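Chemist: Provided below: upload33.pdb, containing PDB, C-alpha atoms.
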ATOM      1  CA  MET A   1     -70.582 -72.188 -13.303  1.00  0.00           C
ATOM      2  CA  ASP A   2     -66.912 -71.337 -12.826  1.00  0.00           C
ATOM      3  CA  ALA A   3     -64.914 -71.987  -9.690  1.00  0.00           C
ATOM      4  CA  ARG A   4     -65.419 -69.221  -7.141  1.00  0.00           C
ATOM      5  CA  PHE A   5     -61.894 -69.255  -5.791  1.00  0.00           C
ATOM      6  CA  ASN A   6     -58.626 -70.913  -6.753  1.00  0.00           C
ATOM      7  CA  LEU A   7     -57.312 -72.482  -3.567  1.00  0.00           C
ATOM      8  CA  LEU A   8     -53.827 -72.871  -5.038  1.00  0.00           C
ATOM      9  CA  GLU A   9     -53.377 -69.233  -6.121  1.00  0.00           C
ATOM     10  CA  ASN A  10     -53.836 -67.763  -2.636  1.00  0.00           C
ATOM     11  CA  ASP A  11     -50.784 -68.017  -0.356  1.00  0.00           C
ATOM     12  CA  LEU A  12     -52.704 -68.992   2.773  1.00  0.00           C
ATOM     13  CA  SER A  13     -54.925 -71.582   1.095  1.00  0.00           C
ATOM     14  CA  ALA A  14     -51.978 -72.982  -0.897  1.00  0.00           C
ATOM     15  CA  LYS A  15     -50.070 -73.566   2.379  1.00  0.00           C
ATOM     16  CA  PHE A  16     -53.152 -75.223   3.822  1.00  0.00           C
ATOM     17  CA  ALA A  17     -53.617 -77.376   0.700  1.00  0.00           C
ATOM     18  CA  LYS A  18     -50.023 -78.645   0.931  1.00  0.00           C
ATOM     19  CA  ARG A  19     -50.465 -79.605   4.587  1.00  0.00           C
ATOM     20  CA  PHE A  20     -53.828 -81.156   3.787  1.00  0.00           C
ATOM     21  CA  ALA A  21     -52.215 -83.246   1.047  1.00  0.00           C
ATOM     22  CA  ASN A  22     -49.494 -84.326   3.489  1.00  0.00           C
ATOM     23  CA  ALA A  23     -52.161 -85.483   5.963  1.00  0.00           C
ATOM     24  CA  GLY A  24     -53.631 -87.512   3.111  1.00  0.00           C
ATOM     25  CA  LEU A  25     -50.241 -89.165   2.554  1.00  0.00           C
ATOM     26  CA  VAL A  26     -50.279 -90.514   6.124  1.00  0.00           C
ATOM     27  CA  ILE A  27     -53.517 -92.319   5.292  1.00  0.00           C
ATOM     28  CA  HIS A  28     -52.326 -93.351   1.828  1.00  0.00           C
ATOM     29  CA  GLN A  29     -49.241 -94.979   3.386  1.00  0.00           C
ATOM     30  CA  SER A  30     -51.295 -96.760   6.069  1.00  0.00           C
ATOM     31  CA  PRO A  31     -52.173-100.482   6.041  1.00  0.00           C
ATOM     32  CA  LEU A  32     -55.768 -99.686   5.016  1.00  0.00           C
ATOM     33  CA  PRO A  33     -56.115-101.284   1.556  1.00  0.00           C
ATOM     34  CA  LYS A  34     -55.769 -98.745  -1.263  1.00  0.00           C
ATOM     35  CA  SER A  35     -58.940-100.018  -2.926  1.00  0.00           C
ATOM     36  CA  THR A  36     -60.867 -99.408   0.311  1.00  0.00           C
ATOM     37  CA  GLN A  37     -59.385 -95.925   0.563  1.00  0.00           C
ATOM     38  CA  GLU A  38     -60.621 -95.007  -2.912  1.00  0.00           C
ATOM     39  CA  LEU A  39     -64.060 -96.609  -2.447  1.00  0.00           C
ATOM     40  CA  VAL A  40     -64.544 -94.724   0.830  1.00  0.00           C
ATOM     41  CA  SER A  41     -63.415 -91.437  -0.722  1.00  0.00           C
ATOM     42  CA  LEU A  42     -65.667 -91.969  -3.714  1.00  0.00           C
ATOM     43  CA  ARG A  43     -68.731 -92.808  -1.600  1.00  0.00           C
ATOM     44  CA  ALA A  44     -68.372 -89.787   0.697  1.00  0.00           C
ATOM     45  CA  SER A  45     -67.851 -87.569  -2.346  1.00  0.00           C
ATOM     46  CA  GLN A  46     -71.013 -88.948  -3.972  1.00  0.00           C
ATOM     47  CA  ILE A  47     -73.037 -88.231  -0.836  1.00  0.00           C
ATOM     48  CA  ASN A  48     -71.636 -84.692  -0.629  1.00  0.00           C
ATOM     49  CA  GLY A  49     -72.108 -83.979  -4.347  1.00  0.00           C
ATOM     50  CA  CYS A  50     -68.449 -83.138  -4.903  1.00  0.00           C
ATOM     51  CA  GLY A  51     -67.787 -83.485  -8.637  1.00  0.00           C
ATOM     52  CA  HIS A  52     -64.104 -82.632  -8.265  1.00  0.00           C
ATOM     53  CA  CYS A  53     -63.521 -85.381  -5.681  1.00  0.00           C
ATOM     54  CA  ILE A  54     -65.697 -87.922  -7.518  1.00  0.00           C
ATOM     55  CA  ASP A  55     -63.564 -87.272 -10.598  1.00  0.00           C
ATOM     56  CA  MET A  56     -60.333 -87.604  -8.600  1.00  0.00           C
ATOM     57  CA  HIS A  57     -61.187 -90.789  -6.742  1.00  0.00           C
ATOM     58  CA  THR A  58     -62.791 -92.538  -9.690  1.00  0.00           C
ATOM     59  CA  LYS A  59     -59.674 -91.917 -11.777  1.00  0.00           C
ATOM     60  CA  GLU A  60     -57.244 -92.799  -8.983  1.00  0.00           C
ATOM     61  CA  ALA A  61     -59.132 -96.042  -8.318  1.00  0.00           C
ATOM     62  CA  ALA A  62     -59.193 -96.965 -12.008  1.00  0.00           C
ATOM     63  CA  ALA A  63     -55.493 -96.182 -12.356  1.00  0.00           C
ATOM     64  CA  ALA A  64     -54.829 -98.506  -9.405  1.00  0.00           C
ATOM     65  CA  GLY A  65     -56.727-101.317 -11.154  1.00  0.00           C
ATOM     66  CA  GLU A  66     -60.231-100.960  -9.713  1.00  0.00           C
ATOM     67  CA  THR A  67     -62.890-102.365 -12.056  1.00  0.00           C
ATOM     68  CA  ALA A  68     -65.510-100.244 -13.742  1.00  0.00           C
ATOM     69  CA  VAL A  69     -68.255-102.503 -12.373  1.00  0.00           C
ATOM     70  CA  ARG A  70     -67.249-101.841  -8.765  1.00  0.00           C
ATOM     71  CA  LEU A  71     -66.826 -98.121  -9.372  1.00  0.00           C
ATOM     72  CA  HIS A  72     -70.267 -97.906 -10.963  1.00  0.00           C
ATOM     73  CA  LEU A  73     -71.859 -99.769  -8.057  1.00  0.00           C
ATOM     74  CA  VAL A  74     -70.351 -97.787  -5.157  1.00  0.00           C
ATOM     75  CA  ALA A  75     -73.448 -95.587  -4.907  1.00  0.00           C
ATOM     76  CA  ALA A  76     -75.608 -98.711  -4.543  1.00  0.00           C
ATOM     77  CA  TRP A  77     -73.158-100.909  -2.639  1.00  0.00           C
ATOM     78  CA  ARG A  78     -75.872-102.426  -0.442  1.00  0.00           C
ATOM     79  CA  GLU A  79     -77.570-103.764  -3.575  1.00  0.00           C
ATOM     80  CA  ALA A  80     -74.376-105.176  -5.109  1.00  0.00           C
ATOM     81  CA  THR A  81     -72.496-108.452  -4.814  1.00  0.00           C
ATOM     82  CA  VAL A  82     -69.048-107.130  -5.753  1.00  0.00           C
ATOM     83  CA  PHE A  83     -67.890-105.772  -2.378  1.00  0.00           C
ATOM     84  CA  THR A  84     -66.331-107.791   0.425  1.00  0.00           C
ATOM     85  CA  GLU A  85     -67.780-107.763   3.939  1.00  0.00           C
ATOM     86  CA  ALA A  86     -64.828-105.607   5.024  1.00  0.00           C
ATOM     87  CA  GLU A  87     -65.506-103.099   2.221  1.00  0.00           C
ATOM     88  CA  GLN A  88     -69.191-103.064   3.125  1.00  0.00           C
ATOM     89  CA  ALA A  89     -68.286-102.258   6.739  1.00  0.00           C
ATOM     90  CA  ALA A  90     -66.030 -99.422   5.565  1.00  0.00           C
ATOM     91  CA  LEU A  91     -68.725 -98.067   3.247  1.00  0.00           C
ATOM     92  CA  ALA A  92     -71.326 -98.202   6.039  1.00  0.00           C
ATOM     93  CA  LEU A  93     -68.966 -96.304   8.340  1.00  0.00           C
ATOM     94  CA  THR A  94     -68.365 -93.782   5.571  1.00  0.00           C
ATOM     95  CA  GLU A  95     -72.068 -93.165   5.060  1.00  0.00           C
ATOM     96  CA  GLU A  96     -72.859 -92.878   8.758  1.00  0.00           C
ATOM     97  CA  GLY A  97     -69.780 -90.738   9.411  1.00  0.00           C
ATOM     98  CA  THR A  98     -70.641 -88.472   6.482  1.00  0.00           C
ATOM     99  CA  ARG A  99     -74.336 -88.106   7.299  1.00  0.00           C
ATOM    100  CA  LEU A 100     -73.865 -87.162  10.953  1.00  0.00           C
ATOM    101  CA  ALA A 101     -76.722 -84.666  10.899  1.00  0.00           C
ATOM    102  CA  ASP A 102     -79.090 -87.310   9.509  1.00  0.00           C
ATOM    103  CA  ALA A 103     -78.608 -89.788  12.359  1.00  0.00           C
ATOM    104  CA  HIS A 104     -79.029 -88.984  16.013  1.00  0.00           C
ATOM    105  CA  GLN A 105     -76.371 -91.502  16.998  1.00  0.00           C
ATOM    106  CA  GLY A 106     -73.711 -90.886  14.377  1.00  0.00           C
ATOM    107  CA  VAL A 107     -72.026 -94.199  13.620  1.00  0.00           C
ATOM    108  CA  SER A 108     -74.141 -97.080  14.915  1.00  0.00           C
ATOM    109  CA  ASP A 109     -72.817 -99.742  17.274  1.00  0.00           C
ATOM    110  CA  GLU A 110     -73.657-102.355  14.629  1.00  0.00           C
ATOM    111  CA  THR A 111     -71.543-100.628  12.001  1.00  0.00           C
ATOM    112  CA  TRP A 112     -68.705-100.097  14.475  1.00  0.00           C
ATOM    113  CA  ALA A 113     -68.776-103.800  15.402  1.00  0.00           C
ATOM    114  CA  GLN A 114     -68.487-104.731  11.714  1.00  0.00           C
ATOM    115  CA  VAL A 115     -65.547-102.362  11.278  1.00  0.00           C
ATOM    116  CA  ARG A 116     -63.845-103.876  14.367  1.00  0.00           C
ATOM    117  CA  LYS A 117     -64.437-107.358  12.964  1.00  0.00           C
ATOM    118  CA  HIS A 118     -62.625-106.633   9.703  1.00  0.00           C
ATOM    119  CA  TYR A 119     -59.917-104.071  10.492  1.00  0.00           C
ATOM    120  CA  ASP A 120     -57.068-103.780  12.993  1.00  0.00           C
ATOM    121  CA  ASP A 121     -56.415-100.648  15.053  1.00  0.00           C
ATOM    122  CA  ASP A 122     -54.080 -99.016  12.517  1.00  0.00           C
ATOM    123  CA  GLN A 123     -56.563 -99.632   9.707  1.00  0.00           C
ATOM    124  CA  ILE A 124     -59.405 -98.246  11.825  1.00  0.00           C
ATOM    125  CA  ALA A 125     -57.356 -95.160  12.665  1.00  0.00           C
ATOM    126  CA  ALA A 126     -56.724 -94.650   8.948  1.00  0.00           C
ATOM    127  CA  LEU A 127     -60.375 -95.282   8.063  1.00  0.00           C
ATOM    128  CA  VAL A 128     -61.720 -92.804  10.619  1.00  0.00           C
ATOM    129  CA  ALA A 129     -59.130 -90.203   9.591  1.00  0.00           C
ATOM    130  CA  LEU A 130     -59.971 -90.783   5.918  1.00  0.00           C
ATOM    131  CA  VAL A 131     -63.705 -90.255   6.455  1.00  0.00           C
ATOM    132  CA  ALA A 132     -62.930 -86.990   8.261  1.00  0.00           C
ATOM    133  CA  LEU A 133     -60.405 -85.883   5.633  1.00  0.00           C
ATOM    134  CA  ILE A 134     -62.540 -86.631   2.580  1.00  0.00           C
ATOM    135  CA  ASN A 135     -65.505 -84.838   4.112  1.00  0.00           C
ATOM    136  CA  ALA A 136     -63.301 -81.792   4.690  1.00  0.00           C
ATOM    137  CA  ALA A 137     -61.984 -82.013   1.119  1.00  0.00           C
ATOM    138  CA  ASN A 138     -65.541 -82.261  -0.210  1.00  0.00           C
ATOM    139  CA  ARG A 139     -66.519 -79.143   1.689  1.00  0.00           C
ATOM    140  CA  LEU A 140     -63.526 -77.174   0.420  1.00  0.00           C
ATOM    141  CA  ALA A 141     -64.280 -78.132  -3.171  1.00  0.00           C
ATOM    142  CA  VAL A 142     -68.062 -77.679  -2.997  1.00  0.00           C
ATOM    143  CA  ILE A 143     -67.872 -74.294  -1.222  1.00  0.00           C
ATOM    144  CA  THR A 144     -65.474 -72.961  -3.855  1.00  0.00           C
ATOM    145  CA  HIS A 145     -67.226 -74.720  -6.788  1.00  0.00           C
ATOM    146  CA  GLN A 146     -64.281 -76.821  -7.956  1.00  0.00           C
ATOM    147  CA  LYS A 147     -65.419 -78.766 -10.999  1.00  0.00           C
ATOM    148  CA  GLY A 148     -64.795 -82.363 -11.936  1.00  0.00           C
ATOM    149  CA  GLY A 149     -63.438 -83.550 -15.265  1.00  0.00           C
ATOM    150  CA  SER A 150     -59.860 -82.334 -15.524  1.00  0.00           C
ATOM    151  CA  TYR A 151     -58.175 -84.401 -12.821  1.00  0.00           C
ATOM    152  CA  GLU A 152     -55.315 -86.679 -13.854  1.00  0.00           C
ATOM    153  CA  PRO A 153     -54.185 -89.588 -11.631  1.00  0.00           C
ATOM    154  CA  GLY A 154     -51.270 -88.615  -9.411  1.00  0.00           C
ATOM    155  CA  MET A 155     -52.041 -84.905  -9.235  1.00  0.00           C
ATOM    156  CA  PHE A 156     -52.988 -84.973  -5.547  1.00  0.00           C
ATOM    157  CA  ALA A 157     -49.854 -86.862  -4.520  1.00  0.00           C
ATOM    158  CA  ALA A 158     -47.721 -84.377  -6.478  1.00  0.00           C
ATOM    159  CA  MET A 159     -49.240 -81.555  -4.432  1.00  0.00           C
ATOM    160  CA  ALA A 160     -47.750 -82.983  -1.231  1.00  0.00           C
ATOM    161  CA  ASN A 161     -44.207 -82.860  -2.613  1.00  0.00           C
TER
END
Have the structure of the file written as C-alpha coordinates, please.

Modeler:
Amino acid sequence: MDARFNLLENDLSAKFAKRFANAGLVIHQSPLPKSTQELVSLRASQINGCGHCIDMHTKEAAAAGETAVRLHLVAAWREATVFTEAEQAALALTEEGTRLADAHQGVSDETWAQVRKHYDDDQIAALVALVALINAANRLAVITHQKGGSYEPGMFAAMAN
(Lines of atoms letter the chains of each structure in order from A and count residues from 1; the text may use other names and numbers.)
(Lines give C-alpha, C1' and ligand atoms only; values in the text may rest on other atoms or scores of the structure.)
Protein backbone atom coordinates (compact mmCIF):
# COMPACT_ATOMS: atom_id res chain seq x y z
CA MET A 1 0.00 0.00 0.00
CA ASP A 2 1.33 3.43 -0.93
CA ALA A 3 1.40 6.44 1.35
CA ARG A 4 -1.94 8.24 1.35
CA PHE A 5 -0.53 11.72 1.67
CA ASN A 6 2.92 13.29 1.51
CA LEU A 7 3.17 15.49 4.58
CA LEU A 8 6.15 17.37 3.15
CA GLU A 9 4.54 18.32 -0.18
CA ASN A 10 1.63 20.23 1.36
CA ASP A 11 2.46 23.76 2.57
CA LEU A 12 0.48 23.54 5.81
CA SER A 13 1.71 20.09 6.81
CA ALA A 14 5.30 20.95 5.81
CA LYS A 15 5.20 23.98 8.16
CA PHE A 16 3.81 21.75 10.89
CA ALA A 17 6.47 19.08 10.24
CA LYS A 18 9.27 21.65 10.60
CA ARG A 19 7.88 22.89 13.92
CA PHE A 20 7.34 19.31 15.04
CA ALA A 21 10.97 18.51 14.23
CA ASN A 22 12.08 21.59 16.18
CA ALA A 23 10.10 20.39 19.22
CA GLY A 24 11.96 17.10 18.87
CA LEU A 25 15.28 18.98 18.97
CA VAL A 26 14.42 20.37 22.42
CA ILE A 27 14.14 16.79 23.67
CA HIS A 28 17.18 15.62 21.71
CA GLN A 29 19.28 18.36 23.34
CA SER A 30 17.97 17.55 26.83
CA PRO A 31 19.92 15.66 29.52
CA LEU A 32 17.81 12.52 28.93
CA PRO A 33 20.33 9.95 27.64
CA LYS A 34 20.22 9.57 23.86
CA SER A 35 20.03 5.78 24.15
CA THR A 36 16.95 6.13 26.38
CA GLN A 37 15.40 8.54 23.90
CA GLU A 38 15.75 6.05 21.05
CA LEU A 39 14.59 3.05 23.12
CA VAL A 40 11.49 4.96 24.23
CA SER A 41 10.73 6.10 20.68
CA LEU A 42 11.22 2.59 19.36
CA ARG A 43 8.98 0.99 22.00
CA ALA A 44 6.10 3.42 21.49
CA SER A 45 6.41 2.96 17.73
CA GLN A 46 6.27 -0.83 18.11
CA ILE A 47 3.11 -0.58 20.22
CA ASN A 48 1.50 1.76 17.68
CA GLY A 49 2.55 -0.31 14.66
CA CYS A 50 4.38 2.57 13.01
CA GLY A 51 6.79 1.05 10.48
CA HIS A 52 8.18 4.44 9.47
CA CYS A 53 9.08 5.37 13.06
CA ILE A 54 10.38 1.88 13.91
CA ASP A 55 12.67 2.18 10.89
CA MET A 56 13.80 5.68 11.92
CA HIS A 57 14.50 4.95 15.57
CA THR A 58 16.15 1.59 14.99
CA LYS A 59 18.55 3.18 12.50
CA GLU A 60 19.18 6.28 14.62
CA ALA A 61 19.91 4.10 17.66
CA ALA A 62 22.26 1.84 15.70
CA ALA A 63 24.05 4.85 14.22
CA ALA A 64 24.54 6.17 17.77
CA GLY A 65 26.13 2.86 18.81
CA GLU A 66 23.18 0.94 20.24
CA THR A 67 23.69 -2.83 20.05
CA ALA A 68 21.60 -5.11 17.90
CA VAL A 69 20.83 -7.30 20.93
CA ARG A 70 19.24 -4.42 22.83
CA LEU A 71 17.33 -3.22 19.78
CA HIS A 72 15.97 -6.71 19.16
CA LEU A 73 14.87 -7.06 22.78
CA VAL A 74 13.04 -3.72 23.19
CA ALA A 75 9.68 -5.35 22.45
CA ALA A 76 10.31 -7.87 25.24
CA TRP A 77 12.25 -5.64 27.63
CA ARG A 78 10.62 -7.14 30.72
CA GLU A 79 12.03 -10.53 29.75
CA ALA A 80 15.55 -9.24 29.03
CA THR A 81 18.65 -8.64 31.12
CA VAL A 82 20.22 -5.97 28.91
CA PHE A 83 18.37 -2.87 30.15
CA THR A 84 19.25 -0.82 33.21
CA GLU A 85 16.70 -0.14 35.94
CA ALA A 86 16.46 3.46 34.68
CA GLU A 87 15.77 2.26 31.12
CA GLN A 88 13.18 -0.18 32.42
CA ALA A 89 11.43 2.66 34.25
CA ALA A 90 11.44 4.75 31.06
CA LEU A 91 10.11 1.84 29.01
CA ALA A 92 7.34 1.18 31.56
CA LEU A 93 6.35 4.85 31.45
CA THR A 94 6.38 4.69 27.66
CA GLU A 95 4.07 1.68 27.57
CA GLU A 96 1.64 3.06 30.13
CA GLY A 97 1.70 6.52 28.55
CA THR A 98 1.13 5.04 25.10
CA ARG A 99 -1.64 2.65 26.12
CA LEU A 100 -3.76 5.22 27.96
CA ALA A 101 -7.02 3.71 26.76
CA ASP A 102 -5.98 0.27 28.03
CA ALA A 103 -5.45 1.35 31.64
CA HIS A 104 -7.99 3.16 33.75
CA GLN A 105 -5.27 4.98 35.67
CA GLY A 106 -2.87 5.93 32.90
CA VAL A 107 0.65 5.82 34.31
CA SER A 108 0.70 3.90 37.59
CA ASP A 109 2.07 5.33 40.82
CA GLU A 110 4.58 2.46 40.90
CA THR A 111 5.94 3.32 37.47
CA TRP A 112 6.04 7.03 38.32
CA ALA A 113 7.98 6.28 41.51
CA GLN A 114 10.54 4.30 39.49
CA VAL A 115 10.89 7.16 37.01
CA ARG A 116 11.38 9.63 39.91
CA LYS A 117 14.01 7.33 41.41
CA HIS A 118 16.15 7.30 38.27
CA TYR A 119 15.65 10.68 36.57
CA ASP A 120 15.90 14.33 37.60
CA ASP A 121 13.23 16.91 36.79
CA ASP A 122 14.73 17.97 33.45
CA GLN A 123 15.05 14.34 32.35
CA ILE A 124 11.48 13.63 33.44
CA ALA A 125 10.23 16.67 31.54
CA ALA A 126 12.05 15.40 28.45
CA LEU A 127 10.78 11.85 28.94
CA VAL A 128 7.14 12.89 29.30
CA ALA A 129 7.42 15.24 26.31
CA LEU A 130 9.09 12.48 24.28
CA VAL A 131 6.32 9.97 24.99
CA ALA A 132 3.75 12.56 23.89
CA LEU A 133 5.76 13.55 20.81
CA ILE A 134 6.49 10.03 19.57
CA ASN A 135 2.85 9.04 19.98
CA ALA A 136 1.84 12.06 17.89
CA ALA A 137 4.47 11.18 15.28
CA ASN A 138 3.22 7.59 15.17
CA ARG A 139 -0.31 8.79 14.57
CA LEU A 140 0.74 11.13 11.77
CA ALA A 141 2.66 8.37 10.03
CA VAL A 142 0.10 5.60 10.55
CA ILE A 143 -2.88 7.75 9.46
CA THR A 144 -1.10 8.71 6.24
CA HIS A 145 0.46 5.24 5.70
CA GLN A 146 4.11 6.30 5.76
CA LYS A 147 6.20 3.20 5.15
CA GLY A 148 9.38 2.07 6.83
CA GLY A 149 12.55 1.04 5.03
CA SER A 150 13.95 4.14 3.35
CA TYR A 151 14.98 6.22 6.35
CA GLU A 152 18.63 7.23 6.64
CA PRO A 153 20.12 8.36 9.99
CA GLY A 154 20.10 12.13 10.34
CA MET A 155 17.12 12.79 8.08
CA PHE A 156 14.84 13.93 10.90
CA ALA A 157 17.40 16.35 12.33
CA ALA A 158 17.95 17.81 8.85
CA MET A 159 14.22 18.57 8.65
CA ALA A 160 14.48 20.96 11.61
CA ASN A 161 17.12 23.09 9.88

Chemist: Name the residues in contact with Ala113 (chain A) at a cut-off of 12 Å, using all atoms listed in the file, excluding same-chain residues fewer than 3 positions from it; report them as a PyMOL selection string.

Modeler: chain A and resi 86+89-90+92-93+107-110+116-120+124

Chemist: Evaluate the PyMOL selection byres ((chain A and resi 10-27) around 10) on the structure here and hand back the selected residues as a PDB file with C-alpha atoms, in the coordinates of the input.

Modeler:
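Contents of the output file result08.pdb:
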ATOM      1  CA  PHE A   5     -61.894 -69.255  -5.791  1.00  0.00           C
ATOM      2  CA  ASN A   6     -58.626 -70.913  -6.753  1.00  0.00           C
ATOM      3  CA  LEU A   7     -57.312 -72.482  -3.567  1.00  0.00           C
ATOM      4  CA  LEU A   8     -53.827 -72.871  -5.038  1.00  0.00           C
ATOM      5  CA  GLU A   9     -53.377 -69.233  -6.121  1.00  0.00           C
ATOM      6  CA  HIS A  28     -52.326 -93.351   1.828  1.00  0.00           C
ATOM      7  CA  GLN A  29     -49.241 -94.979   3.386  1.00  0.00           C
ATOM      8  CA  SER A  30     -51.295 -96.760   6.069  1.00  0.00           C
ATOM      9  CA  PRO A  31     -52.173-100.482   6.041  1.00  0.00           C
ATOM     10  CA  LEU A  32     -55.768 -99.686   5.016  1.00  0.00           C
ATOM     11  CA  LYS A  34     -55.769 -98.745  -1.263  1.00  0.00           C
ATOM     12  CA  GLN A  37     -59.385 -95.925   0.563  1.00  0.00           C
ATOM     13  CA  ASP A 122     -54.080 -99.016  12.517  1.00  0.00           C
ATOM     14  CA  GLN A 123     -56.563 -99.632   9.707  1.00  0.00           C
ATOM     15  CA  ALA A 125     -57.356 -95.160  12.665  1.00  0.00           C
ATOM     16  CA  ALA A 126     -56.724 -94.650   8.948  1.00  0.00           C
ATOM     17  CA  LEU A 127     -60.375 -95.282   8.063  1.00  0.00           C
ATOM     18  CA  VAL A 128     -61.720 -92.804  10.619  1.00  0.00           C
ATOM     19  CA  ALA A 129     -59.130 -90.203   9.591  1.00  0.00           C
ATOM     20  CA  LEU A 130     -59.971 -90.783   5.918  1.00  0.00           C
ATOM     21  CA  LEU A 133     -60.405 -85.883   5.633  1.00  0.00           C
ATOM     22  CA  ILE A 134     -62.540 -86.631   2.580  1.00  0.00           C
ATOM     23  CA  ALA A 136     -63.301 -81.792   4.690  1.00  0.00           C
ATOM     24  CA  ALA A 137     -61.984 -82.013   1.119  1.00  0.00           C
ATOM     25  CA  LEU A 140     -63.526 -77.174   0.420  1.00  0.00           C
ATOM     26  CA  PHE A 156     -52.988 -84.973  -5.547  1.00  0.00           C
ATOM     27  CA  ALA A 157     -49.854 -86.862  -4.520  1.00  0.00           C
ATOM     28  CA  ALA A 158     -47.721 -84.377  -6.478  1.00  0.00           C
ATOM     29  CA  MET A 159     -49.240 -81.555  -4.432  1.00  0.00           C
ATOM     30  CA  ALA A 160     -47.750 -82.983  -1.231  1.00  0.00           C
ATOM     31  CA  ASN A 161     -44.207 -82.860  -2.613  1.00  0.00           C
TER      32      ASN A 161
END

Chemist: What does the PyMOL selection byres ((chain A and resi 149) around 8) select in this file, as an NGL selection string?

Modeler: :A and (51-52 or 55 or 147-148 or 150-151)

Chemist: Suppose a student applies the PyMOL selection byres ((chain A and resi 48) around 8) to this structure; what residues should they get, written as a list in words?

Modeler: Ala44, Ser45, Gln46, Ile47, Gly49, Cys50, Asn135, Asn138 and Arg139 of chain A

Chemist: What gap, in Å, lies between CA of Val74 (chain A) and CA of Thr36 (chain A)?

Modeler: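 Computed distance, CA of Val74 (chain A) to CA of Thr36 (chain A), equals 11.1 Å.
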
Chemist: Determine the nearest neighbour of Trp77 (chain A) from the options A:Gly106, A:Glu95, A:Lys59, A:Gln146, counting all atoms listed in the file.

Modeler: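 Of the candidates, the smallest distance to Trp77 (chain A) is held by A:Glu95.
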
Chemist: Residues within 9 Å of Arg4 (chain A), please, as a list in words. Count only C-alpha atoms; anything in the same chain fewer than 3 positions from it doesn't count.

Modeler: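 The residues satisfying every condition are Met1, Ile143, Thr144, His145 and Gln146 of chain A.
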
Chemist: Nearest to Arg99 (chain A) among A:Leu39, A:Val131, A:Asp2, A:Ala62, with distances taken over all atoms listed in the file: which residue is it?

Modeler: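 Closest to Arg99 (chain A) of all the choices is A:Val131.
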
Chemist: Pick the closest to Cys53 (chain A) from A:Glu79, A:Glu87, A:Glu152, A:Glu96: which is it, counting all atoms listed in the file?

Modeler: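 For Cys53 (chain A), the nearest of the candidates is A:Glu152.
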
Chemist: Find the distance between CA of Leu71 (chain A) and CA of Ala3 (chain A) and write it in Å to one decimal.

Modeler: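 Atom-to-atom, CA of Leu71 (chain A) to CA of Ala3 (chain A), that is 26.2 Å.
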
Chemist: So which one's closest to Val40 (chain A), A:Ile54, A:Ala64, A:Leu100, A:Val82? Using all atoms listed in the file, please.

Modeler: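 Distance minimum relative to Val40 (chain A) lands on A:Ile54.
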
Chemist: Given the choices A:Leu42, A:Arg70, A:Arg78, A:Val142, which gets closest to His57 (chain A) if the distance is worked out from all atoms listed in the file?

Modeler: A:Leu42
